[in-house]
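These notes are about the structure you will find just below.
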Amino acid sequence: MQDVKGKVAFITGGANGIGFGMAQAFTAAGMKVVIADIRRDHLDRALEQLRKEGRTVHGIQLDVTDRKAMAAAADECERVFGKVHVVCNNAGINWFGPMEEATYEDWDWIMGVNLNGVINGLVTFIPRLKAHGEGGHIVNTASMASFVSGPGAGIYTGAKFAVRGISECLWYHLAPQGIGVSILCPGLVKSYIYQSEQIRPAQFAHTGQAPSEEFTRRLEEVHQVGMEPLEVGEKVLRGIRRADMYILSHPDHKEEVRQVFAEIMTAFPDETPEPRRMAFEDFRRQQKAEARNKGDAALGRA
Ligand SMILES: NC(=O)c1ccc[n+]([C@@H]2O[C@H](COP(=O)([O-])OP(=O)(O)OC[C@H]3O[C@@H](n4cnc5c(N)ncnc54)[C@H](O)[C@@H]3O)[C@@H](O)[C@H]2O)c1
């Protein structure tokens, strides 16, 4: 989507961090932006800053796990600014701990926001993007944790792998219709995500392993050296303009990702594939290539 001026973007988790960086970058390019966030105080602070800079913004307090509220937010966007062209499903929380000790509450909270929040954004907005027929773009915020794993953030990683898989498949459905889909996979960003426990809802409070103050302080320090959110936001805008499927903001994980794929490649058995199975796989691959070609053409990708 080359021409973004005057277009409307909806960004979840837009009051802070990466979402706020996107709001800054998009409005600087002349877009009208709706930021939606669960934190009213942070939303007000973000709106004040953006308005001071003369940006065209509107704020909606929203919990992305609430489907009715998501639909109401979409109606509000259209009422305030008109048709929505760019949807950024970005709201997220983090959680660290030994996943084998996680409670249902831990799973439901993290999956609820980081995965279901994205799904709710998709189910709500895709019909609206298709209905106006002017094309558009969806950015789903995953993470480098959608490629690399390790001990410590298992549930988060599971949600992010899922966001990546969903988004890749969605590209093949939507790109041929002129709607791009990008998977944003940042590394460390200077954000408030270390404060996630502060917004854990009461019904998900039952956990044997709330982070210690010391751990949260360490996490805060770590995030101070993260990439500036505005830089990420500018890279997202470039990705939307170029219709990139992947937006990788950080160079930090290149070697690690190479190792992940190298390990997967070495796991393939050194055997001759069964021809009838291969005929099916070739058929499937051909369908994918056709969707890819149509998508590339519709999005103006080389
Ligand atoms: N900061 C990083 O290092 C990093 C790295 C990779 C990926 N990410 C991802 O980037 C996204 C944005 O995170 P961030 O780092 O900017 O964090 P952040 O905490 O600064 O911003 C996230 C925003 O989402 C909001 N939010 C949380 N739960 C919500 C809910 N249920 N409904 C609506 N809003 C909600 C928070 O209030 C906050 O304003 C997340 O999906 C996160 O997983 C962050």
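Residue names in the structure tokens use chain letters A, B, ... in the order shown, residue numbers from 1 in each chain, and ligand numbers from 1 in the order shown.
Around Leu237 of chain A, within 9 Å and counting only C-alpha atoms, the residues found are Met22, Ala25, Phe26, Ala29, Val232, Gly233, Arg241 and Arg242 of chain A, once anything fewer than 4 positions away on its own chain is removed.
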| said: Give me, as number ranges by chain, the set of residues whose atoms come within 7 Å of any atom of ligand 1, counting only C-alpha atoms and all ligand atoms. | reply: A: 12-19, 36-39, 42, 62-65, 90-94, 113-114, 141-144, 185-196, 199, 223, 226
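Restricting the calculation to only C-alpha atoms, the smallest distance between Gly135 of chain A and any of A:Gln203, A:Gln177, A:Asn293, A:Ser182 is found for A:Gln177.
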| query | Which residues in segment 91-223 of chain A does DSSP call alpha helix (DSSP H)? List them as a PyMOL selection string. | reply | chain A and resi 104-111+117-132+154-174+213-223
Keeping only C-alpha atoms, write the selected residues as a CSV table (one decimal), in the first residue's frame.
chain,number,residue,atom,x,y,z
A,104,TYR,CA,-4.7,-22.6,33.6
A,105,GLU,CA,-4.9,-18.9,34.6
A,106,ASP,CA,-1.4,-18.3,33.2
A,107,TRP,CA,-2.3,-20.1,29.9
A,108,ASP,CA,-5.7,-18.4,29.5
A,109,TRP,CA,-4.4,-14.9,30.2
A,110,ILE,CA,-1.4,-15.1,27.8
A,111,MET,CA,-3.1,-17.0,25.1
A,117,GLY,CA,-6.6,-10.9,20.8
A,118,VAL,CA,-5.1,-11.2,17.3
A,119,ILE,CA,-7.8,-13.6,16.2
A,120,ASN,CA,-10.5,-11.2,17.4
A,121,GLY,CA,-9.0,-8.4,15.5
A,122,LEU,CA,-8.9,-10.5,12.3
A,123,VAL,CA,-12.5,-11.8,12.6
A,124,THR,CA,-13.8,-8.3,13.3
A,125,PHE,CA,-11.8,-6.3,10.7
A,126,ILE,CA,-11.3,-8.7,7.7
A,127,PRO,CA,-14.9,-8.5,6.5
A,128,ARG,CA,-14.8,-4.7,6.8
A,129,LEU,CA,-11.5,-4.5,4.8
A,130,LYS,CA,-13.0,-6.7,2.1
A,131,ALA,CA,-16.3,-4.9,2.1
A,132,HIS,CA,-14.8,-1.5,1.1
A,154,GLY,CA,7.0,-21.1,26.7
A,155,ILE,CA,3.4,-19.9,26.7
A,156,TYR,CA,4.4,-16.6,25.1
A,157,THR,CA,6.4,-18.4,22.5
A,158,GLY,CA,3.5,-20.8,21.8
A,159,ALA,CA,1.2,-17.8,21.2
A,160,LYS,CA,3.8,-16.1,18.9
A,161,PHE,CA,4.5,-19.3,16.8
A,162,ALA,CA,0.7,-19.4,16.3
A,163,VAL,CA,0.4,-15.8,15.3
A,164,ARG,CA,3.2,-16.4,12.7
A,165,GLY,CA,1.5,-19.5,11.3
A,166,ILE,CA,-1.9,-17.8,11.1
A,167,SER,CA,-0.5,-14.7,9.5
A,168,GLU,CA,1.4,-16.6,6.8
A,169,CYS,CA,-1.6,-18.6,5.8
A,170,LEU,CA,-3.8,-15.5,5.8
A,171,TRP,CA,-1.5,-13.9,3.3
A,172,TYR,CA,-2.5,-16.5,0.7
A,173,HIS,CA,-6.2,-15.8,1.2
A,174,LEU,CA,-6.0,-12.0,1.4
A,213,GLU,CA,10.2,-7.3,42.3
A,214,GLU,CA,13.9,-8.1,41.6
A,215,PHE,CA,13.0,-10.0,38.4
A,216,THR,CA,10.7,-7.2,37.1
A,217,ARG,CA,13.4,-4.6,37.9
A,218,ARG,CA,15.9,-6.7,35.8
A,219,LEU,CA,13.4,-6.9,33.0
A,220,GLU,CA,12.9,-3.1,33.1
A,221,GLU,CA,16.7,-2.7,32.8
A,222,VAL,CA,16.9,-5.1,29.9
A,223,HIS,CA,14.1,-3.2,28.0
| message | When you look at Leu299 of chain A with a cut-off of 8 Å (counting only C-alpha atoms), what residues show up, excluding the ones that are within fewer than 5 positions of it in the same chain? I need them as an NGL selection string. | response | :A and (1 or 175-176 or 178-180 or 243)
Selected residues, N, CA and C atoms, written as a PDB file, in the first residue's frame, please.
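Full text of part.pdb as output:
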ATOM      1  N   MET A   1       0.853  -1.182   0.000  1.00  0.00           N
ATOM      2  CA  MET A   1       0.000   0.000   0.000  1.00  0.00           C
ATOM      3  C   MET A   1       0.892   1.236   0.000  1.00  0.00           C
ATOM      4  N   ALA A 175      -3.962 -11.628   0.168  1.00  0.00           N
ATOM      5  CA  ALA A 175      -3.124 -10.886  -0.792  1.00  0.00           C
ATOM      6  C   ALA A 175      -3.741 -10.878  -2.197  1.00  0.00           C
ATOM      7  N   PRO A 176      -4.272 -12.017  -2.690  1.00  0.00           N
ATOM      8  CA  PRO A 176      -4.891 -11.964  -4.022  1.00  0.00           C
ATOM      9  C   PRO A 176      -6.070 -10.988  -4.097  1.00  0.00           C
ATOM     10  N   GLY A 178      -5.896  -8.039  -2.685  1.00  0.00           N
ATOM     11  CA  GLY A 178      -5.327  -6.699  -2.505  1.00  0.00           C
ATOM     12  C   GLY A 178      -5.173  -6.279  -1.053  1.00  0.00           C
ATOM     13  N   ILE A 179      -5.207  -7.245  -0.154  1.00  0.00           N
ATOM     14  CA  ILE A 179      -4.997  -6.924   1.270  1.00  0.00           C
ATOM     15  C   ILE A 179      -3.712  -7.616   1.726  1.00  0.00           C
ATOM     16  N   GLY A 180      -2.719  -6.819   2.072  1.00  0.00           N
ATOM     17  CA  GLY A 180      -1.439  -7.381   2.497  1.00  0.00           C
ATOM     18  C   GLY A 180      -1.499  -7.855   3.941  1.00  0.00           C
ATOM     19  N   ALA A 243       4.650  -3.921   1.036  1.00  0.00           N
ATOM     20  CA  ALA A 243       3.847  -5.151   1.141  1.00  0.00           C
ATOM     21  C   ALA A 243       4.712  -6.352   1.526  1.00  0.00           C
TER      22      ALA A 243
END
| request: Grab the atom CA of Trp95 of chain A to atom CA of Lys68 of chain A distance for me, in Å with one decimal place. | output: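 The value is 26.1 Å.
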| message | I need the residues in segment 27-106 of chain A that are strand (DSSP E or B) according to DSSP; give them as a list in words. | response | Lys32, Val33, Val34, Ile35, Ala36, Asp37, Val57, His58, Gly59, Ile60, Gln61, Val86, Val87, Cys88 and Asn89 of chain A
| request: For segment 51-55 of chain A, work out the shell of residues within 8 Å, counting only C-alpha atoms and skipping chain neighbours fewer than 2 positions away, then give it as a list in words. | output: Thr27, Ala28, Lys32, Leu47, Glu48, Gln49 and Val57 of chain A
